[in-house]
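Chemist: This is the structure I have questions about; it appears just below.
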Amino acid sequence: MRAIKQVEGVWRCFICGAESPDQSRPHVGVCACESPQRRGLGDMVSAGLSAIGITPERVSKALGVKDCGCRQRAEALNRLGRKFGIG
Ligand SMILES: [Zn+2]
């Protein structure tokens, strides 16, 4: 299943924020941003998560880690992402 999320009534890719091409069957298919070797959420932040309202700052706050931009944060994001089936 694609990593997908409904934002303001529109199904979008959870990773890159792109609109699903088929809104009636939004979970079908794979987004262009999803490569066979999928990376963890922390590595995908720069790919546009902030475009759908998931900023590193908000995730860091939710996880209780400091937004220091270090590898620890990326690992924390990767763990959070796996909860949503990403990475
Ligand atoms: Zn995508």
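Chain labels run A, B, ... following the order of the structure tokens; each chain numbers its residues from 1, and ligands are numbered from 1 in the order shown.
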List all protein, DNA and RNA residues that have an atom no more than 6 Å from any atom of ligand 1, counting only C-alpha atoms and all ligand atoms, and report them as a ChimeraX atom specification.

Modeler: /A:13,15-18,31-33

Chemist: By how many Å are CA of Pro26 in chain A and CA of Glu8 in chain A apart?

Modeler: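 Computed distance, CA of Pro26 in chain A to CA of Glu8 in chain A, equals 14.3 Å.
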
Chemist: In Å, with one decimal, what is the gap from CA of Glu57 in chain A to CA of His27 in chain A?

Modeler: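 Going from CA of Glu57 in chain A over to CA of His27 in chain A, I get 27.9 Å.
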
Chemist: Please measure the separation of CA of Arg25 in chain A and CA of Arg12 in chain A, giving the value in Å to one decimal.

Modeler: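 If I compute the distance from CA of Arg25 in chain A to CA of Arg12 in chain A, I get 11.7 Å.
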
Chemist: Fewer than 5 positions away in the same chain doesn't count, so skip those; otherwise give me all residues within 10 Å of Gly64 in chain A, counting only C-alpha atoms, as a PyMOL selection string.

Modeler: chain A and resi 58-59+76

Chemist: May I have the residues from that selection written out with N, CA, C and O atoms, as a PDB file, in the first residue's frame?

Modeler:
ATOM      1  N   ARG A  58       8.300  20.024  14.321  1.00  0.00           N
ATOM      2  CA  ARG A  58       7.106  19.441  14.930  1.00  0.00           C
ATOM      3  C   ARG A  58       7.341  17.988  15.323  1.00  0.00           C
ATOM      4  O   ARG A  58       6.905  17.551  16.381  1.00  0.00           O
ATOM      5  N   VAL A  59       8.040  17.256  14.460  1.00  0.00           N
ATOM      6  CA  VAL A  59       8.312  15.859  14.770  1.00  0.00           C
ATOM      7  C   VAL A  59       9.230  15.762  15.979  1.00  0.00           C
ATOM      8  O   VAL A  59       9.029  14.955  16.874  1.00  0.00           O
ATOM      9  N   ALA A  76      15.442   9.298  14.973  1.00  0.00           N
ATOM     10  CA  ALA A  76      14.144   9.416  15.633  1.00  0.00           C
ATOM     11  C   ALA A  76      13.032   9.517  14.600  1.00  0.00           C
ATOM     12  O   ALA A  76      11.966   8.907  14.744  1.00  0.00           O
TER      13      ALA A  76
END

Chemist: When you count only C-alpha atoms, which of these residues is closest to Leu80 in chain A: A:Gly9, A:Ser24, A:Ile4, A:Ala62?

Modeler: A:Ala62
